[in-house]
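Written below as structure tokens is the structure these notes are about.
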Amino acid sequence: MVAIEPHYQFELIDRYLIVAENAKLPINIVVNKIELTNNIKKVKYDFSMYKNIGYSINYLSVKEQINIDNFKLKLDNKTNIFLGQSGVGKSSLINKLIPELNLRVNEISTKSKLGKHTTTNTTLYQIPSGGDLIDSPGIRKFQLDEFSNQEILNGFKEFNPFTNACKFRNCAHIFEPKCAIKSAVKLGDIHKKRYQSYITLVSS
């Protein structure tokens with residue numbers, strides 16, 4: 001779950017996706033607070049690189065109750081976890097989904113534009129219409145220290161069709177010649193931002 005404010009960060013989103021892909025979890029990307037943008041087309045363009053590789057993108061406004069009912073249908077009869085930075089609106093969304101909880105919410109800091117922690121424990125809630133919902137504490141930093149370069153690569157699912165077409169079996173897809181992934185980036189089959197995110201993560 002991300003938001004217009006605090007503004008979404010693609011590298012952080014990619015870190016979430018790496019964890020979920022390696023755990024083989026189904027993923028929905030939620031973009032909250034769309035009432036704060038005056039250019040929703042730009043926001044949807046930003047997230048098109050995820051939509052084009054098969055991720056479901058949900059544009060919500062908890063405050064204006066936009067698309068909440070449609071999103072709720074996706075949660076029915078499943079166990080769901082909300083993961084995201086402090087301030088993106090997880091607790092506010094849960095209050096809409098399960099009104100009797102009345103979870104405490106905070107506004108983001110006007111100075112730093114960062115969220116303030118309101119959830120301090122991981123808690124399981126039952127959704128009245130069916131299914132469960134796990135609320136996790138807000139995250140400002142999300143490290144992948146325990147992940148190997150191969151596991152990071154596995155998190156970029158659009159790379160999969162090209163990984164066995166490189167000249168070298170141990171290709172790291174960075175400096176090697178005749179790399180199929182680098183060729184796919186040049187041809188537009190892999191988004192440049194996603195490839196740059198991969199480079200940043202394996203090099204950190």
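Ligands are numbered from 1 in the order shown, chains are lettered A, B, ... in the order of the structure tokens, and residues start at 1 in each chain.
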Tell me which protein, DNA and RNA residues are within 12 Å of Glu100 of chain A, counting only C-alpha atoms, leaving out same-chain ones fewer than 6 positions away, and put them as a PDB file with C-alpha atoms, in the first residue's frame.
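Output below, filename around-v2.pdb:
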```
ATOM      1  CA  ILE A  94      -9.192  -0.865   7.840  1.00  0.00           C
ATOM      2  CA  TYR A 125      -8.792  -8.926  12.225  1.00  0.00           C
ATOM      3  CA  GLN A 126     -11.807 -10.737  10.803  1.00  0.00           C
ATOM      4  CA  ILE A 127     -13.611  -9.030   7.943  1.00  0.00           C
ATOM      5  CA  PRO A 128     -17.389  -9.232   8.540  1.00  0.00           C
TER       6      PRO A 128
END
```
What's the 6 Å shell around Lys33 of chain A, counting only C-alpha atoms, without same-chain residues fewer than 4 positions away, as a PyMOL selection string? chain A and resi 3-4+61
Keeping only C-alpha atoms, write the selected residues as a short mmCIF file (atom, residue, chain, number, x, y, z; two decimals), in the first residue's frame.
```
data_model
loop_
_atom_site.label_atom_id
_atom_site.label_comp_id
_atom_site.auth_asym_id
_atom_site.auth_seq_id
_atom_site.Cartn_x
_atom_site.Cartn_y
_atom_site.Cartn_z
CA ALA A 3 -0.12 6.87 -1.30
CA ILE A 4 0.06 10.19 -3.08
CA SER A 61 -9.46 7.42 -1.69
#
```
Write out as a list in words the residues lying within 12 Å of Lys51 of chain A, counting only C-alpha atoms and excluding same-chain residues fewer than 2 positions away. Ile27, Asn28, Ile29, Val30, Lys44, Tyr45, Asp46, Phe47, Ser48, Met49, Ile53, Gly54, Tyr55, Ser56, Ile57, Asn58, Glu158 and His191 of chain A
Take the residues from that selection and write them out as a PDB file, in the first residue's frame, keeping C-alpha atoms.
```pdb
ATOM      1  CA  ILE A  27      -0.103  -9.203  -4.828  1.00  0.00           C
ATOM      2  CA  ASN A  28      -2.359  -6.178  -5.110  1.00  0.00           C
ATOM      3  CA  ILE A  29      -0.788  -2.728  -5.283  1.00  0.00           C
ATOM      4  CA  VAL A  30      -2.953  -0.121  -3.548  1.00  0.00           C
ATOM      5  CA  LYS A  44      -1.684   5.835 -13.588  1.00  0.00           C
ATOM      6  CA  TYR A  45       1.156   6.279 -16.078  1.00  0.00           C
ATOM      7  CA  ASP A  46       3.669   5.862 -13.249  1.00  0.00           C
ATOM      8  CA  PHE A  47       2.060   2.581 -12.218  1.00  0.00           C
ATOM      9  CA  SER A  48       1.567   1.307 -15.767  1.00  0.00           C
ATOM     10  CA  MET A  49       4.980  -0.398 -15.584  1.00  0.00           C
ATOM     11  CA  ILE A  53       3.609  -7.019 -16.096  1.00  0.00           C
ATOM     12  CA  GLY A  54       0.443  -8.335 -14.513  1.00  0.00           C
ATOM     13  CA  TYR A  55       0.053  -6.655 -11.137  1.00  0.00           C
ATOM     14  CA  SER A  56      -3.384  -5.462 -10.054  1.00  0.00           C
ATOM     15  CA  ILE A  57      -3.374  -1.719  -9.276  1.00  0.00           C
ATOM     16  CA  ASN A  58      -6.098  -0.291  -7.040  1.00  0.00           C
ATOM     17  CA  GLU A 158       9.232  -9.765 -16.086  1.00  0.00           C
ATOM     18  CA  HIS A 191      10.942  -0.972 -18.208  1.00  0.00           C
TER      19      HIS A 191
END
```
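What separates atom CA of Val88 of chain A from atom CA of Asp132 of chain A is a distance of 20.3 Å.
Excluding Leu25 of chain A itself and same-chain residues fewer than 6 positions from it, the residues having an atom within 12 Å of it are Tyr16, Leu17, Ile18, Val19, Tyr55, Lys78, Thr79, Asn80, Ile81 and Gly155 of chain A, counting only C-alpha atoms.
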Running DSSP on the backbone, which parts of segment 15-138 of chain A land in strand (DSSP E), as a PyMOL selection string? chain A and resi 28-32+56-59+79-82+123-126+132-135
If I take atom CA of Gly89 of chain A and atom CA of Phe71 of chain A, how far is one from the other in Å, to one decimal? 14.4 Å
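If you count only C-alpha atoms and ignore residues fewer than 5 places along the chain from Asp76 of chain A, what sits within 7 Å of it is Ser129, Gly130 and Gly131 of chain A.
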Those selected residues, please, written with N, CA and C atoms and delivered as a PDB file, in the first residue's frame.
```pdb
ATOM      1  N   SER A 129     -17.582  -9.555   6.128  1.00  0.00           N
ATOM      2  CA  SER A 129     -18.119 -10.196   4.926  1.00  0.00           C
ATOM      3  C   SER A 129     -17.374 -11.474   4.567  1.00  0.00           C
ATOM      4  N   GLY A 130     -16.305 -11.762   5.306  1.00  0.00           N
ATOM      5  CA  GLY A 130     -15.536 -12.976   5.047  1.00  0.00           C
ATOM      6  C   GLY A 130     -14.073 -12.679   4.827  1.00  0.00           C
ATOM      7  N   GLY A 131     -13.200 -13.535   5.366  1.00  0.00           N
ATOM      8  CA  GLY A 131     -11.772 -13.339   5.206  1.00  0.00           C
ATOM      9  C   GLY A 131     -11.146 -12.694   6.428  1.00  0.00           C
TER      10      GLY A 131
END
```
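DSSP, applied to the backbone of this structure, assigns alpha helix (DSSP H) to the following residues of segment 39-89 of chain A: Ile40, Lys41, Lys42, Val43, Lys44, Tyr45, Asp46, Phe47, Ser48, Met49, Tyr50, Lys51, Ile68, Asp69, Asn70, Phe71, Lys72, Leu73, Lys74 and Leu75 of chain A.
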Write to file, as an mmCIF file, in the first residue's frame, the residues of the selection just made, with N, CA and C atoms.
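Result file out_4.cif:
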```
data_model
loop_
_atom_site.group_PDB
_atom_site.id
_atom_site.type_symbol
_atom_site.label_atom_id
_atom_site.label_comp_id
_atom_site.auth_asym_id
_atom_site.auth_seq_id
_atom_site.Cartn_x
_atom_site.Cartn_y
_atom_site.Cartn_z
ATOM 1 N N ILE A 40 -4.393 12.497 -12.127
ATOM 2 C CA ILE A 40 -4.493 11.050 -11.949
ATOM 3 C C ILE A 40 -3.928 10.289 -13.148
ATOM 4 N N LYS A 41 -3.953 10.925 -14.327
ATOM 5 C CA LYS A 41 -3.373 10.278 -15.508
ATOM 6 C C LYS A 41 -1.879 10.047 -15.319
ATOM 7 N N LYS A 42 -1.199 11.016 -14.716
ATOM 8 C CA LYS A 42 0.241 10.867 -14.451
ATOM 9 C C LYS A 42 0.478 9.746 -13.445
ATOM 10 N N VAL A 43 -0.357 9.666 -12.423
ATOM 11 C CA VAL A 43 -0.216 8.605 -11.430
ATOM 12 C C VAL A 43 -0.404 7.237 -12.091
ATOM 13 N N LYS A 44 -1.429 7.116 -12.916
ATOM 14 C CA LYS A 44 -1.684 5.835 -13.588
ATOM 15 C C LYS A 44 -0.568 5.497 -14.573
ATOM 16 N N TYR A 45 0.008 6.517 -15.190
ATOM 17 C CA TYR A 45 1.156 6.279 -16.078
ATOM 18 C C TYR A 45 2.338 5.735 -15.276
ATOM 19 N N ASP A 46 2.579 6.332 -14.105
ATOM 20 C CA ASP A 46 3.669 5.862 -13.249
ATOM 21 C C ASP A 46 3.521 4.384 -12.919
ATOM 22 N N PHE A 47 2.289 3.960 -12.647
ATOM 23 C CA PHE A 47 2.060 2.581 -12.218
ATOM 24 C C PHE A 47 1.793 1.634 -13.382
ATOM 25 N N SER A 48 1.801 2.167 -14.601
ATOM 26 C CA SER A 48 1.567 1.307 -15.767
ATOM 27 C C SER A 48 2.674 0.266 -15.920
ATOM 28 N N MET A 49 3.891 0.583 -15.445
ATOM 29 C CA MET A 49 4.980 -0.398 -15.584
ATOM 30 C C MET A 49 4.711 -1.636 -14.726
ATOM 31 N N TYR A 50 3.922 -1.475 -13.666
ATOM 32 C CA TYR A 50 3.525 -2.634 -12.861
ATOM 33 C C TYR A 50 2.297 -3.323 -13.460
ATOM 34 N N LYS A 51 1.357 -2.537 -13.915
ATOM 35 C CA LYS A 51 0.154 -3.108 -14.532
ATOM 36 C C LYS A 51 0.512 -3.925 -15.770
ATOM 37 N N ILE A 68 -13.673 1.949 -2.765
ATOM 38 C CA ILE A 68 -13.530 1.116 -1.560
ATOM 39 C C ILE A 68 -14.327 -0.178 -1.688
ATOM 40 N N ASP A 69 -15.561 -0.092 -2.167
ATOM 41 C CA ASP A 69 -16.401 -1.295 -2.267
ATOM 42 C C ASP A 69 -15.816 -2.310 -3.234
ATOM 43 N N ASN A 70 -15.304 -1.841 -4.377
ATOM 44 C CA ASN A 70 -14.694 -2.760 -5.347
ATOM 45 C C ASN A 70 -13.462 -3.427 -4.762
ATOM 46 N N PHE A 71 -12.682 -2.657 -4.022
ATOM 47 C CA PHE A 71 -11.482 -3.224 -3.414
ATOM 48 C C PHE A 71 -11.847 -4.262 -2.349
ATOM 49 N N LYS A 72 -12.881 -3.993 -1.606
ATOM 50 C CA LYS A 72 -13.302 -4.907 -0.539
ATOM 51 C C LYS A 72 -13.629 -6.287 -1.095
ATOM 52 N N LEU A 73 -14.200 -6.345 -2.289
ATOM 53 C CA LEU A 73 -14.541 -7.630 -2.896
ATOM 54 C C LEU A 73 -13.309 -8.504 -3.108
ATOM 55 N N LYS A 74 -12.161 -7.879 -3.325
ATOM 56 C CA LYS A 74 -10.924 -8.631 -3.567
ATOM 57 C C LYS A 74 -10.392 -9.267 -2.289
ATOM 58 N N LEU A 75 -10.870 -8.815 -1.139
ATOM 59 C CA LEU A 75 -10.383 -9.321 0.139
ATOM 60 C C LEU A 75 -11.199 -10.490 0.668
#
```
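Taking only C-alpha atoms, the non-local environment of Val202 of chain A within 9 Å (same-chain residues fewer than 4 positions away omitted) comprises Ser148, Asn149, Ile152, Leu153, Ser197 and Tyr198 of chain A.
Between atom CA of Lys193 of chain A and atom CA of Phe10 of chain A lies a distance of 8.4 Å.
Distances here use only C-alpha atoms; by that measure, the residue among A:Cys171, A:Ile134, A:Ile34, A:Ile181 closest to Phe156 of chain A is A:Ile181.
Residues with any atom within 9 Å of Asn121 of chain A, counting only C-alpha atoms and excluding same-chain neighbours fewer than 4 positions away, are Asp135, Ser136 and Pro137 of chain A.
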Output file for the selection above: C-alpha atoms, as a PDB file, in the first residue's frame:
```pdb
ATOM      1  CA  ASP A 135      -2.475  -4.972   9.896  1.00  0.00           C
ATOM      2  CA  SER A 136       1.284  -4.447  10.176  1.00  0.00           C
ATOM      3  CA  PRO A 137       3.223  -1.533  11.681  1.00  0.00           C
TER       4      PRO A 137
END
```
Using only C-alpha atoms, which of the listed residues (A:Arg194, A:Lys186, A:Lys157, A:Arg15) sits closest to Leu83 of chain A? A:Arg15
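Residue nearest Val185 of chain A within the list A:His173, A:Lys63, A:His7, A:Lys90: A:His173 [criterion: smallest interatomic distance, only C-alpha atoms].
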